[in-house]
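Working notes, beginning with the structure itself.
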Amino acid sequence: MSKNTKPESTDWAKKTVKFIWLAFLAGFFGFILFVWMVSINFLGLFGSLPDFKALENPESELASELYSSDGVLLGTYFRENRSPVNYEELSPNLVNALISTEDVRFEDHSGIDMIAMMRVFVKSILLGQDAGGGSTLSQQTAKNLFKTRTDASQGALSSVPGLRMLIIKTKEWIVATQLEKAYTKNEILTLYLNTSEFGSNAYGIKTAAKTFFNKTPAELEVQEAAVLVGLFKAPTYYSPVYNPENSLRRRNTVLNQMVKNDALTREAYDSLSKLPIELDYNVANQNKGLATYFREVVKADLLRWAKENLKSDGSSYDLYGDGLKIYTTIDSRMQRYAEEAISEHMATLQKKFFKEMGDRDPWIDSDRRVIPNFIEDAVKRTEAYRLLKIRYGTDTDSIDLKLNEKKKMKVFSWEKGEIDTLMSTMDSLRYYKKFLQTGFMSMDPHTGQIKAWVGGMDHKYFKFDHVKNGKRQPGSTFKPFVYAAAIENGYSPCYSVIDQPVEVYIPGQPAWSPSNADGKFSYEKMTIRKAMAQSVNSITAYMMKKLSPKIVVETARRLGVTSDLEEVPALALGVNDVSIYEMVGAFGTFVNKGEHTTPFYIDRIEDKNGNVIQQFTAKKRPAMSEEHAYLMTYMLRGGFEEEDGTSQGVPWSLREGNELGGKTGTTQNASDGWYMGISKDLVSGTWVGGDDRAIHFRSWIDGQGGRTARPIWVKFMEKVYADKSLGYTKGPFPRPERPLSIEINCDVYEKESQRFADFDYDAKKNDF
């Protein structure tokens, strides 16, 4: 064999090395080409990537937030319950736990961790072992922000087995490197925490900290931060609520990772790892927190506003995703006092109602007989019946069977809170119909800003709002509008009338002759101020006879009553349905020197960046003169100051050193109890009654507004005055600067005026 002959093995080795190099170079340049094609979505095969503008202004659904006037978060509107925070609002414990667990080289790489990728390649692909994930926080942020794994972002090649994930990962690498160029490390970390899901309908760290621990992100302890970071691996599997053992184990793993990365000492770990997970768990929903009814009423207005107002790009606002900040006029402290006042009084009143009811049903007719088939008729107006009717049609037996089928449910109670029980639909309807309902609103009459709004007792179980959506007969609380018309027509509060029967004749109608509440007439002369203070029906009817229903309707409308009012004599006693909302606005006109201010509850709306989109202002208009308005506050003070006034039962502690006005109202069968209360700074109204007009106290005395509604106002005002931080003080109603043209000193009035004439009328004369 010749010495120059080369071994074949040498040629084979060279060819192998050459092949490897060619394969490597082909793979390298092929991968570069692949990344390039993905980045431009070559021929639409790979799916789109976010453009630079999207990277600079990433969009994720943000919950819109509703704030009180004193800066308290009242509630949120969302599809994904997410509210952003800044890096400065994050606890260092949270940052250390996150980096130690999810991306230890976060500060060193530029979006792609090559060491982690090599680990995953060798262990997972070559050795078949579990090497964990290789994604950096930047890549995970890209996934959260731009939904890289949804079908909407995939191209034609994404359907090829094995290729879909490679394309997705490539996109996340590309976006991660671009994010690293556009944002600082702190900003990326904050973006990740703001866009991550934590389970329990909590999106973003602010909502998660509130949901699981009732804290802000800055307040999180080390062990609490570790629990939340542990949720990133699998929110449900490691949920501290549904899988507490898994969560505890995962929390300790996170704490151990912090030890490995010098973010926690071994001694601290030994101590913290032994602690149980202590939650303050509360998933946000519209049935919890302050102002639940108010939040629902505002939501309807905001949805309408969002449709009617456009963003700069021409699209409509999205209440559930645009992260709007809505600032209301509600004061969280006053709102809490109003809710407390209702809870305290209604719990006692309901017990009294149950006691009077005994074993009898409370739905009774005018002869105090139980109305037959009341519940059977009521159920036909429910959603449950409607759905059963769709399902079973004319098969009444099946419908009745389902309506009477018992099932597990929670029901409301004042004494025991929620009660777990077995009830049918018919049982629960019968149970809930026996509860009295209520509504309350308080407003600053000078600005029109609503400060407290309680639409009912418990929004979870009683959805209907009784402040604005509910309308009921106001009874005697309507009388001030009759007397306001009298004052405007020159009558003094000292004008005197005899308390005796009155008959009003209108052609084609039966004569109207109301009785007083006690069924008696004193036949004594009394001023109209005293008559209103004692709520004497006969004298109000006489003034209506003198003025005419048309004038009273016009006066009420001018003062702020917007509901339909019939021009009939009985209007004087409040026979037409009105809302608390409009009654408070109308009474506010008296306190606001005759200028009517429409009650409002939204101050301004800001976008997610804090830019004011719309500022709301009060709608004001002159309604009556300042003098006449002051005289009406003087008339309303009569309930406190005149003998046997209907507000005499208000505690002296509230009245001392204070001028207050008020008017009770009770409908004929006591199905509606009202109280309207005024001070120099606040006008408030409250209503109490059954869900149905047939549901009420059998005793008119127990059902009158002075006992059912007035105590709520009293409790509210006591709490407001006790809280000095609110700035509400006792004092007189401001008197007009000009001297009054109408005499209110009744001794002087009697001497100087001969306006009093014996009360007589022609029974055969038509009055209107």
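Labels for the structure tokens follow display order: chains A, B, ..., residues from 1 in each chain, ligands from 1.
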Taking the backbone alone, and naming residues the way the document does, which bits of range 206-305 of chain A are helix (DSSP H, G or I) by DSSP, as a ChimeraX atom specification? /A:206-213,217-219,222-230,244-260,266-272,292-305
Tell me, as an NGL selection string, which residues lie within 6 Å of Ile605 in chain A, counting only C-alpha atoms; anything in the same chain fewer than 5 positions away does not count. :A and (325-326 or 612-614)
Write a file of the selected residues as a PDB file, in the first residue's frame, keeping all heavy atoms.
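Result file part-v2.pdb:
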ATOM      1  N   LYS A 325     -62.445  56.385  34.785  1.00  0.00           N
ATOM      2  CA  LYS A 325     -62.551  56.724  36.207  1.00  0.00           C
ATOM      3  C   LYS A 325     -63.717  57.695  36.354  1.00  0.00           C
ATOM      4  O   LYS A 325     -63.685  58.799  35.822  1.00  0.00           O
ATOM      5  CB  LYS A 325     -61.249  57.328  36.722  1.00  0.00           C
ATOM      6  CG  LYS A 325     -60.111  56.313  36.834  1.00  0.00           C
ATOM      7  CD  LYS A 325     -58.855  56.960  37.377  1.00  0.00           C
ATOM      8  CE  LYS A 325     -57.776  55.915  37.665  1.00  0.00           C
ATOM      9  NZ  LYS A 325     -57.416  55.111  36.497  1.00  0.00           N
ATOM     10  N   ILE A 326     -64.750  57.236  37.061  1.00  0.00           N
ATOM     11  CA  ILE A 326     -65.960  58.033  37.226  1.00  0.00           C
ATOM     12  C   ILE A 326     -66.007  58.543  38.659  1.00  0.00           C
ATOM     13  O   ILE A 326     -66.014  57.748  39.611  1.00  0.00           O
ATOM     14  CB  ILE A 326     -67.226  57.213  36.914  1.00  0.00           C
ATOM     15  CG1 ILE A 326     -67.150  56.641  35.489  1.00  0.00           C
ATOM     16  CG2 ILE A 326     -68.467  58.068  37.073  1.00  0.00           C
ATOM     17  CD1 ILE A 326     -66.778  55.187  35.415  1.00  0.00           C
ATOM     18  N   VAL A 612     -59.609  64.453  31.780  1.00  0.00           N
ATOM     19  CA  VAL A 612     -61.044  64.664  31.962  1.00  0.00           C
ATOM     20  C   VAL A 612     -61.743  64.620  30.606  1.00  0.00           C
ATOM     21  O   VAL A 612     -61.441  65.406  29.706  1.00  0.00           O
ATOM     22  CB  VAL A 612     -61.325  66.005  32.668  1.00  0.00           C
ATOM     23  CG1 VAL A 612     -62.828  66.243  32.775  1.00  0.00           C
ATOM     24  CG2 VAL A 612     -60.690  66.022  34.055  1.00  0.00           C
ATOM     25  N   ILE A 613     -62.681  63.694  30.474  1.00  0.00           N
ATOM     26  CA  ILE A 613     -63.455  63.571  29.242  1.00  0.00           C
ATOM     27  C   ILE A 613     -64.680  64.465  29.304  1.00  0.00           C
ATOM     28  O   ILE A 613     -65.030  65.135  28.344  1.00  0.00           O
ATOM     29  CB  ILE A 613     -63.900  62.106  29.013  1.00  0.00           C
ATOM     30  CG1 ILE A 613     -62.695  61.169  29.002  1.00  0.00           C
ATOM     31  CG2 ILE A 613     -64.687  61.987  27.717  1.00  0.00           C
ATOM     32  CD1 ILE A 613     -63.076  59.703  29.004  1.00  0.00           C
ATOM     33  N   GLN A 614     -65.345  64.452  30.456  1.00  0.00           N
ATOM     34  CA  GLN A 614     -66.522  65.297  30.627  1.00  0.00           C
ATOM     35  C   GLN A 614     -66.673  65.704  32.080  1.00  0.00           C
ATOM     36  O   GLN A 614     -66.523  64.890  32.988  1.00  0.00           O
ATOM     37  CB  GLN A 614     -67.789  64.585  30.152  1.00  0.00           C
ATOM     38  CG  GLN A 614     -69.020  65.492  30.178  1.00  0.00           C
ATOM     39  CD  GLN A 614     -70.186  64.943  29.382  1.00  0.00           C
ATOM     40  OE1 GLN A 614     -70.034  64.001  28.615  1.00  0.00           O
ATOM     41  NE2 GLN A 614     -71.348  65.533  29.544  1.00  0.00           N
TER      42      GLN A 614
END
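Reported to one decimal place, the separation of CA of Thr667 in chain A from CA of Thr477 in chain A is 9.9 Å.
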Using only C-alpha atoms, which residues sit within 9 Å of His345 in chain A once same-chain residues fewer than 2 positions away are excluded, as a VMD selection string? chain A and resid 340 to 343 347 to 350 708 to 709 711 to 712 715
N, CA and C atoms of the current selection, written as a PDB file, in the first residue's frame:
ATOM      1  N   GLU A 340     -76.250  52.367  57.372  1.00  0.00           N
ATOM      2  CA  GLU A 340     -76.351  51.938  58.769  1.00  0.00           C
ATOM      3  C   GLU A 340     -77.706  52.324  59.356  1.00  0.00           C
ATOM      4  N   ALA A 341     -78.167  53.525  59.044  1.00  0.00           N
ATOM      5  CA  ALA A 341     -79.457  53.987  59.575  1.00  0.00           C
ATOM      6  C   ALA A 341     -80.584  53.077  59.109  1.00  0.00           C
ATOM      7  N   ILE A 342     -80.531  52.704  57.850  1.00  0.00           N
ATOM      8  CA  ILE A 342     -81.567  51.813  57.319  1.00  0.00           C
ATOM      9  C   ILE A 342     -81.487  50.438  57.958  1.00  0.00           C
ATOM     10  N   SER A 343     -80.292  49.895  58.067  1.00  0.00           N
ATOM     11  CA  SER A 343     -80.139  48.565  58.670  1.00  0.00           C
ATOM     12  C   SER A 343     -80.620  48.547  60.118  1.00  0.00           C
ATOM     13  N   ALA A 347     -84.364  46.596  60.647  1.00  0.00           N
ATOM     14  CA  ALA A 347     -84.307  45.326  61.383  1.00  0.00           C
ATOM     15  C   ALA A 347     -85.321  45.335  62.518  1.00  0.00           C
ATOM     16  N   THR A 348     -85.406  46.465  63.215  1.00  0.00           N
ATOM     17  CA  THR A 348     -86.365  46.601  64.323  1.00  0.00           C
ATOM     18  C   THR A 348     -87.795  46.672  63.800  1.00  0.00           C
ATOM     19  N   LEU A 349     -87.996  47.456  62.748  1.00  0.00           N
ATOM     20  CA  LEU A 349     -89.343  47.624  62.184  1.00  0.00           C
ATOM     21  C   LEU A 349     -89.873  46.303  61.633  1.00  0.00           C
ATOM     22  N   GLN A 350     -88.997  45.536  60.975  1.00  0.00           N
ATOM     23  CA  GLN A 350     -89.432  44.259  60.410  1.00  0.00           C
ATOM     24  C   GLN A 350     -89.878  43.295  61.510  1.00  0.00           C
ATOM     25  N   THR A 708     -92.445  54.718  60.599  1.00  0.00           N
ATOM     26  CA  THR A 708     -91.757  53.818  59.665  1.00  0.00           C
ATOM     27  C   THR A 708     -90.584  54.492  58.960  1.00  0.00           C
ATOM     28  N   ALA A 709     -90.744  55.773  58.593  1.00  0.00           N
ATOM     29  CA  ALA A 709     -89.721  56.446  57.774  1.00  0.00           C
ATOM     30  C   ALA A 709     -88.880  57.459  58.542  1.00  0.00           C
ATOM     31  N   PRO A 711     -87.645  57.690  61.579  1.00  0.00           N
ATOM     32  CA  PRO A 711     -86.471  57.254  62.347  1.00  0.00           C
ATOM     33  C   PRO A 711     -85.214  57.062  61.507  1.00  0.00           C
ATOM     34  N   ILE A 712     -85.367  56.734  60.232  1.00  0.00           N
ATOM     35  CA  ILE A 712     -84.196  56.578  59.357  1.00  0.00           C
ATOM     36  C   ILE A 712     -83.507  57.921  59.178  1.00  0.00           C
ATOM     37  N   LYS A 715     -81.714  58.925  62.497  1.00  0.00           N
ATOM     38  CA  LYS A 715     -80.450  58.206  62.704  1.00  0.00           C
ATOM     39  C   LYS A 715     -79.370  58.729  61.763  1.00  0.00           C
TER      40      LYS A 715
END
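The two atoms in question, CA of Leu559 in chain A and CA of Ala623 in chain A, are spaced 5.7 Å apart.
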Write out as a PyMOL selection string the residues lying within 10 Å of range 256-261 of chain A, counting only C-alpha atoms and excluding same-chain residues fewer than 5 positions away. chain A and resi 93+96-102+104+222+226+250-251+266-270+273
Would you pick out the contacts of Gln140 in chain A at 9 Å or less, using only C-alpha atoms, so that residues sharing its chain but fewer than 2 positions from it are not included, and give the list as an mmCIF file with N, CA, C and O atoms, in the first residue's frame?
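Ended up saving to result_26.cif:
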data_model
loop_
_atom_site.group_PDB
_atom_site.id
_atom_site.type_symbol
_atom_site.label_atom_id
_atom_site.label_comp_id
_atom_site.auth_asym_id
_atom_site.auth_seq_id
_atom_site.Cartn_x
_atom_site.Cartn_y
_atom_site.Cartn_z
ATOM 1 N N SER A 135 -39.524 30.730 29.303
ATOM 2 C CA SER A 135 -40.020 32.067 28.967
ATOM 3 C C SER A 135 -39.566 33.084 30.004
ATOM 4 O O SER A 135 -39.625 32.830 31.208
ATOM 5 N N THR A 136 -39.143 34.230 29.523
ATOM 6 C CA THR A 136 -38.789 35.334 30.417
ATOM 7 C C THR A 136 -40.049 36.120 30.781
ATOM 8 O O THR A 136 -41.115 35.933 30.190
ATOM 9 N N LEU A 137 -39.910 37.004 31.751
ATOM 10 C CA LEU A 137 -41.032 37.866 32.095
ATOM 11 C C LEU A 137 -41.437 38.739 30.912
ATOM 12 O O LEU A 137 -42.619 39.044 30.737
ATOM 13 N N SER A 138 -40.467 39.100 30.099
ATOM 14 C CA SER A 138 -40.767 39.909 28.914
ATOM 15 C C SER A 138 -41.627 39.117 27.937
ATOM 16 O O SER A 138 -42.587 39.651 27.355
ATOM 17 N N ALA A 142 -45.499 39.759 26.813
ATOM 18 C CA ALA A 142 -45.927 39.788 25.409
ATOM 19 C C ALA A 142 -47.160 38.906 25.215
ATOM 20 O O ALA A 142 -48.116 39.282 24.527
ATOM 21 N N LYS A 143 -47.118 37.727 25.829
ATOM 22 C CA LYS A 143 -48.254 36.798 25.726
ATOM 23 C C LYS A 143 -49.512 37.409 26.348
ATOM 24 O O LYS A 143 -50.603 37.323 25.780
ATOM 25 N N ASN A 144 -49.361 38.055 27.518
ATOM 26 C CA ASN A 144 -50.518 38.650 28.190
ATOM 27 C C ASN A 144 -51.094 39.825 27.416
ATOM 28 O O ASN A 144 -52.312 39.963 27.269
ATOM 29 N N LEU A 145 -50.196 40.670 26.927
ATOM 30 C CA LEU A 145 -50.630 41.914 26.303
ATOM 31 C C LEU A 145 -51.264 41.700 24.936
ATOM 32 O O LEU A 145 -52.279 42.313 24.608
ATOM 33 N N GLU A 172 -43.396 35.546 20.436
ATOM 34 C CA GLU A 172 -43.149 36.063 21.785
ATOM 35 C C GLU A 172 -41.709 36.510 21.950
ATOM 36 O O GLU A 172 -41.439 37.487 22.652
ATOM 37 N N ALA A 176 -40.934 40.299 22.734
ATOM 38 C CA ALA A 176 -40.199 40.515 23.987
ATOM 39 C C ALA A 176 -38.997 41.428 23.765
ATOM 40 O O ALA A 176 -38.734 42.333 24.569
ATOM 41 N N TYR A 192 -46.383 43.232 33.363
ATOM 42 C CA TYR A 192 -46.672 41.815 33.583
ATOM 43 C C TYR A 192 -47.647 41.629 34.744
ATOM 44 O O TYR A 192 -48.639 40.905 34.636
ATOM 45 N N SER A 196 -51.629 40.026 34.271
ATOM 46 C CA SER A 196 -51.718 38.598 34.583
ATOM 47 C C SER A 196 -53.040 38.252 35.255
ATOM 48 O O SER A 196 -53.666 39.080 35.923
#
Fewer than 3 positions away in the same chain doesn't count, so skip those; otherwise give me all residues within 12 Å of Arg369 in chain A, counting only C-alpha atoms, as a VMD selection string. chain A and resid 360 to 366 372 374 694 to 695 698
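Nearest residue to Arg558 in chain A, choosing from A:Asn537, A:Gln615, A:Ser496, A:Ser625 and counting only C-alpha atoms: A:Ser625.
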What lies within 7 Å of Gln704 in chain A using only C-alpha atoms, ignoring chain neighbours under 4 positions off, as a PyMOL selection string? chain A and resi 666+670+673+700+708
Create the file for the chosen residues now, containing all heavy atoms and written as a JSON list (two decimals), in the first residue's frame.
[["chain", "number", "residue", "atom", "x", "y", "z"],
["A", 666, "THR", "N", -98.27, 59.65, 55.02],
["A", 666, "THR", "CA", -98.78, 58.29, 55.15],
["A", 666, "THR", "C", -100.01, 58.15, 54.26],
["A", 666, "THR", "O", -100.91, 59.00, 54.31],
["A", 666, "THR", "CB", -99.20, 57.97, 56.61],
["A", 666, "THR", "OG1", -98.18, 58.40, 57.50],
["A", 666, "THR", "CG2", -99.45, 56.48, 56.79],
["A", 670, "ALA", "N", -101.95, 53.07, 54.97],
["A", 670, "ALA", "CA", -100.61, 52.93, 55.58],
["A", 670, "ALA", "C", -99.69, 52.03, 54.76],
["A", 670, "ALA", "O", -98.72, 51.48, 55.30],
["A", 670, "ALA", "CB", -100.71, 52.41, 57.01],
["A", 673, "GLY", "N", -95.16, 54.94, 53.90],
["A", 673, "GLY", "CA", -94.75, 55.87, 54.94],
["A", 673, "GLY", "C", -93.60, 56.71, 54.43],
["A", 673, "GLY", "O", -92.61, 56.17, 53.90],
["A", 700, "TRP", "N", -102.99, 51.60, 61.28],
["A", 700, "TRP", "CA", -102.53, 52.82, 60.61],
["A", 700, "TRP", "C", -101.51, 53.55, 61.48],
["A", 700, "TRP", "O", -100.57, 54.14, 60.97],
["A", 700, "TRP", "CB", -103.71, 53.73, 60.32],
["A", 700, "TRP", "CG", -103.35, 54.90, 59.45],
["A", 700, "TRP", "CD1", -103.38, 54.96, 58.09],
["A", 700, "TRP", "CD2", -102.88, 56.19, 59.89],
["A", 700, "TRP", "NE1", -102.97, 56.19, 57.65],
["A", 700, "TRP", "CE2", -102.65, 56.97, 58.74],
["A", 700, "TRP", "CE3", -102.64, 56.74, 61.15],
["A", 700, "TRP", "CZ2", -102.20, 58.28, 58.80],
["A", 700, "TRP", "CZ3", -102.18, 58.05, 61.21],
["A", 700, "TRP", "CH2", -101.97, 58.81, 60.05],
["A", 708, "THR", "N", -92.44, 54.72, 60.60],
["A", 708, "THR", "CA", -91.76, 53.82, 59.66],
["A", 708, "THR", "C", -90.58, 54.49, 58.96],
["A", 708, "THR", "O", -89.54, 53.86, 58.75],
["A", 708, "THR", "CB", -92.74, 53.29, 58.60],
["A", 708, "THR", "OG1", -93.27, 54.39, 57.84],
["A", 708, "THR", "CG2", -93.87, 52.52, 59.25]]
Rank A:Lys215, A:Lys185, A:Lys619, A:Arg472 by their smallest atom-to-atom distance to Asp108 in chain A, using only C-alpha atoms, and report the top residue only. A:Lys185
Secondary structure check, strand (DSSP E) residues of range 416-616 of chain A, as a PyMOL selection string: chain A and resi 419-423+436-443+450-454+496-498+525-527+595-597+602-606+612-615
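Pairwise distance (CA of Asp331 in chain A, CA of Thr292 in chain A) equals 13.9 Å.
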Closest of A:Gln449, A:Asp747, A:Asp420, A:Ala263 to Lys620 in chain A - atom-to-atom distances counting only C-alpha atoms: A:Gln449
Just checking: using only C-alpha atoms, which residue out of A:Leu660, A:Leu547, A:Val283, A:Val241 ends up closest to Gly75 in chain A?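 Residue with the minimum atom-to-atom distance to Gly75 in chain A: A:Val283.
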Which residue out of A:Phe353, A:Tyr337, A:Trp12, A:Trp305 has the minimum interatomic distance to Met717 in chain A when only C-alpha atoms are used?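 Among A:Phe353, A:Tyr337, A:Trp12, A:Trp305, it is A:Tyr337 that comes nearest to Met717 in chain A.
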With only C-alpha atoms as the basis for distance, which of A:Val85, A:Lys407, A:Ser442, A:Pro569 is at the shortest distance from Val482 in chain A? A:Pro569
